[in-house]
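Novice: Please see the structure below; I have some questions.
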Amino acid sequence: MMIVVVLAMVLQRNLFGVVVLSGIYSFLMATVLVALDAVDVAMTEAAVGAGISTVLLLGAIYLTRASEAKPLRRPLLPLVVALGVGGALIHGTLGLPAFSDPAAPIHTHVAPRYIEQAVTETGVPNVVTAVLASYRGYDTFGETIVVFTAGIGVIALLRRRRKDRD
Amino acid sequence: MRSQLVLRVIAKLLIPFMLLFALYVQFHGDFGPGGGFQAGVITAAAVIFYGLIYGLPAARRLVPDRFVESMIAGGVLLYGGVGVAGMLLGGNFLDYFVLAADPVHGQHRGILLVELGVLITVAGVMLKIFYVFAGRGRDPGGA
């Protein structure tokens with residue numbers, strides 16, 4: 001089903017349709033994440049991917065034209081690059097441990113300690129929240145700063161031009 | 001959009017529940033799925049929804065630009081402030097054990113405050129991006 005949506009997005013020339021289809025794709029992705037028991041990520045995907053980014057892309061379409069321009073040349077080089085990168089990534093996945101292999105490094109490093117100790121050490125039953133905010137607090141701080149930087153960048157890029165016009 | 005009576009009524013009905021759900025996601029994040037990021041996005045989505053139905057100027061009156069900009073910085077400052085508070089109380093940066101007499105309680109408090117910081121920044125940034133995108137070309141002085 002996701003493949004159908006992606007193909008429809010590639011073939012669609014009307015950008016409004018592409019945006020709506022990408023929202024549908026995000027919801028499908030969220031259901032996949034729920035099936036993988038990653039409810040926190042699924043929630044983010046549904047809210048950001050399907051909600052906010054759809055609105056922002058529609059806003060961007062409002063500012064530009066609603067249909068895709070015809071490409072000037074045949075995009076052969078991008079095709080080669082995309083196929084090369086995709087092939088390299090698929091080659092890389094061959095070296096990963098099998099799906100849900102209990103002996104994989106990710107399950108033997110710090111994860112057992114988080115799962116066993118998180119409730120007694122932090123008193124927070126949701127291990128995802130405990131890892132995110134407490135054990136990996138520095139990383140989350142960094143992520144917050146990334147979001148902050150994005151906001152500052154948008155303000156710096158878009159607000160000044162509006163003032164110039166006024 | 002001015003005359004869409006159904007949309008306006010439904011929006012008025014839905015928005016309080018969206019905000020309530022955001023707070024639920026925020027404060028129940030310790031026990032169920034959710035946390036500051038998701039709650040921030042839902043909060044921003046509620047205001048963006050309001051802006052879509054009632055028009056951008058109404059949303060800007062409800063949540064002014066200046067307030068949104070101070071949210072962007074305030075969330076990061078709150079997060080960093082929790083870290084510095086841990087240092088001042090004798091722990092390491094972002095060390096929550098010292099925030100209350102009982103270490104587990106301190107962890108709880110630290111996580112809540114930090115998630116609140118994430119919520120404020122994320123909601124502020126999402127709203128700001130929406131404002132500047134939607135504001136371009138629709139302002140009287142814009143193109």
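Going through the structure tokens in order, the chains are called A, B, and so on, while each chain numbers its residues from 1 and the ligands are numbered from 1 in the order shown.
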Find the spatial neighbours of Val114 in chain B, counting only C-alpha atoms, within a cut-off of 7 Å - ignore same-chain residues fewer than 2 positions away - and output them as a PyMOL selection string.
Specialist: (chain A and resi 133) or (chain B and resi 79+82+110-112+116-118)
Novice: Up to 9 Å from chain A, what residues of chain B turn up? Count only C-alpha atoms and give them as a compact mmCIF listing (two decimals) with N, CA, C and O atoms, in the first residue's frame.
Specialist:
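Final output, iface_29.txt:
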```txt
# COMPACT_ATOMS: atom_id res chain seq x y z
N GLY B 29 3.08 11.42 29.79
CA GLY B 29 4.19 10.84 29.05
C GLY B 29 5.05 9.92 29.88
O GLY B 29 5.73 9.05 29.34
N ASP B 30 5.00 10.09 31.20
CA ASP B 30 5.78 9.22 32.06
C ASP B 30 5.21 7.81 32.10
O ASP B 30 5.91 6.85 32.39
N PHE B 31 3.90 7.70 31.84
CA PHE B 31 3.23 6.41 32.02
C PHE B 31 2.83 5.77 30.71
O PHE B 31 2.81 4.56 30.60
N GLY B 32 2.48 6.59 29.74
CA GLY B 32 2.06 6.06 28.46
C GLY B 32 2.88 6.69 27.36
O GLY B 32 3.82 7.43 27.63
N PRO B 33 2.52 6.41 26.11
CA PRO B 33 3.26 7.03 25.01
C PRO B 33 3.08 8.54 25.03
O PRO B 33 2.02 9.04 25.40
N GLY B 34 4.10 9.24 24.64
CA GLY B 34 4.00 10.69 24.56
C GLY B 34 5.15 11.35 25.26
O GLY B 34 6.03 10.70 25.81
N GLY B 35 5.13 12.65 25.21
CA GLY B 35 6.21 13.41 25.81
C GLY B 35 6.17 14.83 25.29
O GLY B 35 5.20 15.22 24.65
N PHE B 37 7.79 16.50 22.95
CA PHE B 37 7.79 16.79 21.52
C PHE B 37 6.39 16.62 20.95
O PHE B 37 5.86 17.52 20.29
N GLN B 38 5.78 15.46 21.22
CA GLN B 38 4.45 15.20 20.68
C GLN B 38 3.45 16.23 21.20
O GLN B 38 2.62 16.75 20.45
N VAL B 41 3.82 19.53 19.46
CA VAL B 41 3.27 19.53 18.10
C VAL B 41 1.75 19.60 18.16
O VAL B 41 1.12 20.32 17.37
N ILE B 42 1.14 18.89 19.11
CA ILE B 42 -0.32 18.90 19.18
C ILE B 42 -0.81 20.29 19.59
O ILE B 42 -1.80 20.80 19.04
N ALA B 44 0.71 23.13 18.99
CA ALA B 44 0.85 23.99 17.82
C ALA B 44 -0.24 23.70 16.81
O ALA B 44 -0.80 24.61 16.20
N ALA B 45 -0.56 22.39 16.64
CA ALA B 45 -1.58 22.02 15.67
C ALA B 45 -2.93 22.62 16.04
O ALA B 45 -3.68 23.05 15.16
N ILE B 48 -2.77 26.19 15.00
CA ILE B 48 -2.75 26.28 13.53
C ILE B 48 -4.15 26.01 12.97
O ILE B 48 -4.62 26.69 12.05
N GLU B 69 7.83 33.99 19.91
CA GLU B 69 9.29 34.07 19.85
C GLU B 69 9.90 33.85 21.21
O GLU B 69 10.95 33.20 21.35
N ILE B 72 10.07 30.16 21.91
CA ILE B 72 11.17 29.44 21.26
C ILE B 72 12.40 29.45 22.16
O ILE B 72 13.03 28.42 22.41
N ALA B 73 12.73 30.65 22.67
CA ALA B 73 13.92 30.74 23.51
C ALA B 73 13.64 30.21 24.92
O ALA B 73 14.51 29.58 25.52
N GLY B 75 11.80 27.77 26.11
CA GLY B 75 11.88 26.33 26.30
C GLY B 75 13.30 25.86 26.46
O GLY B 75 13.63 25.08 27.36
N VAL B 76 14.20 26.35 25.56
CA VAL B 76 15.61 25.97 25.65
C VAL B 76 16.18 26.45 26.98
O VAL B 76 16.93 25.72 27.65
N TYR B 79 15.04 24.16 29.76
CA TYR B 79 15.80 22.90 29.74
C TYR B 79 17.20 23.12 30.30
O TYR B 79 17.65 22.41 31.21
N GLY B 80 17.89 24.14 29.77
CA GLY B 80 19.23 24.42 30.27
C GLY B 80 19.21 24.81 31.73
O GLY B 80 20.11 24.45 32.49
N PHE B 93 25.73 18.56 35.35
CA PHE B 93 24.77 19.20 34.45
C PHE B 93 23.71 18.18 34.05
O PHE B 93 24.05 17.05 33.69
N LEU B 94 22.44 18.57 34.13
CA LEU B 94 21.31 17.69 33.82
C LEU B 94 21.26 16.48 34.74
O LEU B 94 20.84 15.40 34.35
N ASP B 95 21.70 16.65 35.97
CA ASP B 95 21.64 15.58 36.96
C ASP B 95 20.40 15.83 37.81
O ASP B 95 20.34 16.77 38.58
N TYR B 96 19.36 14.96 37.64
CA TYR B 96 18.08 15.27 38.30
C TYR B 96 18.01 14.73 39.73
O TYR B 96 17.09 15.06 40.45
N PHE B 97 18.98 13.90 40.12
CA PHE B 97 18.85 13.25 41.42
C PHE B 97 18.85 14.25 42.57
O PHE B 97 18.31 13.99 43.63
N PRO B 103 15.91 10.86 45.58
CA PRO B 103 16.47 10.87 44.22
C PRO B 103 15.45 10.50 43.15
O PRO B 103 15.41 11.14 42.08
N VAL B 104 14.61 9.49 43.43
CA VAL B 104 13.63 9.07 42.41
C VAL B 104 12.65 10.20 42.15
O VAL B 104 12.30 10.51 41.00
N HIS B 105 12.26 10.87 43.23
CA HIS B 105 11.36 12.01 43.10
C HIS B 105 12.03 13.12 42.28
O HIS B 105 11.40 13.77 41.44
N GLY B 106 13.31 13.32 42.54
CA GLY B 106 14.07 14.33 41.79
C GLY B 106 14.10 14.01 40.32
O GLY B 106 13.92 14.90 39.48
N GLN B 107 14.30 12.73 39.99
CA GLN B 107 14.27 12.31 38.58
C GLN B 107 12.95 12.68 37.94
O GLN B 107 12.88 13.23 36.84
N HIS B 108 11.87 12.37 38.67
CA HIS B 108 10.54 12.62 38.17
C HIS B 108 10.36 14.11 37.86
O HIS B 108 9.89 14.49 36.79
N GLY B 110 12.69 16.39 37.45
CA GLY B 110 13.57 16.83 36.37
C GLY B 110 13.01 16.49 35.01
O GLY B 110 12.98 17.32 34.10
N ILE B 111 12.50 15.25 34.87
CA ILE B 111 11.98 14.81 33.57
C ILE B 111 10.78 15.67 33.18
O ILE B 111 10.67 16.11 32.04
N LEU B 112 9.91 15.94 34.15
CA LEU B 112 8.73 16.75 33.85
C LEU B 112 9.13 18.14 33.36
O LEU B 112 8.62 18.63 32.35
N VAL B 114 11.99 19.14 32.11
CA VAL B 114 12.71 19.11 30.84
C VAL B 114 11.73 18.90 29.69
O VAL B 114 11.81 19.55 28.65
N GLU B 115 10.76 18.00 29.90
CA GLU B 115 9.76 17.76 28.84
C GLU B 115 8.94 19.01 28.60
O GLU B 115 8.55 19.31 27.47
N GLY B 117 10.07 22.02 28.87
CA GLY B 117 10.92 22.87 28.04
C GLY B 117 10.84 22.47 26.58
O GLY B 117 10.72 23.32 25.70
N VAL B 118 10.87 21.14 26.32
CA VAL B 118 10.78 20.66 24.94
C VAL B 118 9.44 21.09 24.35
O VAL B 118 9.38 21.58 23.21
N THR B 121 9.43 24.89 23.43
CA THR B 121 10.23 25.23 22.25
C THR B 121 9.59 24.68 20.98
O THR B 121 9.46 25.39 19.97
N VAL B 122 9.16 23.41 21.01
CA VAL B 122 8.61 22.79 19.80
C VAL B 122 7.35 23.52 19.36
O VAL B 122 7.18 23.86 18.18
N GLY B 124 6.50 26.57 20.02
CA GLY B 124 6.85 27.90 19.54
C GLY B 124 7.40 27.86 18.13
O GLY B 124 7.00 28.66 17.28
N VAL B 125 8.31 26.91 17.86
CA VAL B 125 8.93 26.86 16.54
C VAL B 125 7.90 26.52 15.48
O VAL B 125 7.83 27.16 14.41
N MET B 126 7.05 25.51 15.76
CA MET B 126 6.04 25.10 14.77
C MET B 126 5.11 26.27 14.45
O MET B 126 4.79 26.54 13.29
N LYS B 128 5.71 29.47 14.84
CA LYS B 128 6.43 30.55 14.16
C LYS B 128 6.57 30.23 12.68
O LYS B 128 6.37 31.10 11.83
N ILE B 129 6.93 28.96 12.39
CA ILE B 129 7.08 28.58 10.98
C ILE B 129 5.75 28.76 10.26
O ILE B 129 5.68 29.30 9.15
N PHE B 130 4.66 28.34 10.92
CA PHE B 130 3.34 28.51 10.29
C PHE B 130 3.04 29.98 10.06
O PHE B 130 2.58 30.37 8.98
N VAL B 132 5.10 32.59 9.71
CA VAL B 132 5.86 33.28 8.66
C VAL B 132 5.50 32.74 7.29
O VAL B 132 5.46 33.49 6.32
N PHE B 133 5.20 31.43 7.19
CA PHE B 133 4.82 30.88 5.89
C PHE B 133 3.48 31.43 5.46
O PHE B 133 3.31 31.91 4.34
N ALA B 134 2.50 31.33 6.38
CA ALA B 134 1.15 31.75 6.02
C ALA B 134 1.08 33.27 5.91
O ALA B 134 0.25 33.79 5.17
N GLY B 135 1.95 33.98 6.63
CA GLY B 135 1.88 35.43 6.62
C GLY B 135 2.43 36.03 5.35
O GLY B 135 2.05 37.14 4.97
N ARG B 136 3.32 35.30 4.66
CA ARG B 136 3.90 35.86 3.44
C ARG B 136 2.85 35.89 2.35
O ARG B 136 2.17 34.92 2.09
N GLY B 137 2.73 37.03 1.72
CA GLY B 137 1.78 37.14 0.61
C GLY B 137 0.38 37.43 1.06
O GLY B 137 -0.43 37.84 0.25
N ASP B 139 -0.17 39.28 3.98
CA ASP B 139 -0.15 40.56 4.68
C ASP B 139 -0.47 41.68 3.72
O ASP B 139 -0.18 41.58 2.52
N PRO B 140 -1.06 42.76 4.20
CA PRO B 140 -1.37 43.88 3.31
C PRO B 140 -0.13 44.41 2.59
O PRO B 140 -0.20 44.79 1.42
N GLY B 141 1.01 44.43 3.28
CA GLY B 141 2.21 44.97 2.67
C GLY B 141 2.95 43.96 1.81
O GLY B 141 3.85 44.31 1.07
N GLY B 142 2.58 42.66 1.93
CA GLY B 142 3.31 41.60 1.23
C GLY B 142 2.94 41.54 -0.23
O GLY B 142 2.09 42.30 -0.72
N ALA B 143 3.56 40.63 -0.95
CA ALA B 143 3.34 40.53 -2.40
C ALA B 143 1.93 40.05 -2.69
O ALA B 143 1.51 39.04 -2.20
```
Novice: By how many Å are CA of Met71 in chain B and CA of Leu119 in chain B apart?
Specialist: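 Between these atoms lies a distance of 9.4 Å.
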Novice: Which residue out of A:Val4, A:Leu28, A:Val110, A:Ile61 has the minimum interatomic distance to Phe16 in chain A when only C-alpha atoms are used?
Specialist: A:Ile61
Novice: Running DSSP on the backbone, which parts of range 13-137 of chain B land in helix (DSSP H, G or I), as a PyMOL selection string?
Specialist: chain B and resi 13-27+36-54+56-62+65-88+96-99+103-135
Novice: What's the 12 Å shell around Leu13 in chain B, counting only C-alpha atoms, without same-chain residues fewer than 5 positions away, as a PyMOL selection string?
Specialist: chain B and resi 6-8+18-19+46+49-50
Novice: Please dump the current selection as a compact mmCIF listing (two decimals), in the first residue's frame; keep C-alpha atoms.
Specialist:
```txt
# COMPACT_ATOMS: atom_id res chain seq x y z
CA VAL B 6 -20.05 24.22 10.27
CA LEU B 7 -16.27 24.44 10.26
CA ARG B 8 -16.26 27.28 12.76
CA MET B 18 -6.98 19.15 21.35
CA LEU B 19 -5.33 21.33 23.97
CA ALA B 46 -4.50 23.26 17.76
CA PHE B 49 -6.22 24.72 13.18
CA TYR B 50 -7.68 27.83 14.76
```
Novice: Which is closest to Tyr54 in chain B among B:Leu89, B:Ile120, B:Ile10, B:Leu20, if we use only C-alpha atoms?
Specialist: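 Between B:Leu89, B:Ile120, B:Ile10, B:Leu20, the residue approaching Tyr54 in chain B most closely is B:Ile10.
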Novice: What's the separation between CA of Leu79 in chain A and CA of Arg13 in chain A, in Å to one decimal place?
Specialist: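 CA of Arg13 in chain A lies 18.5 Å from CA of Leu79 in chain A.
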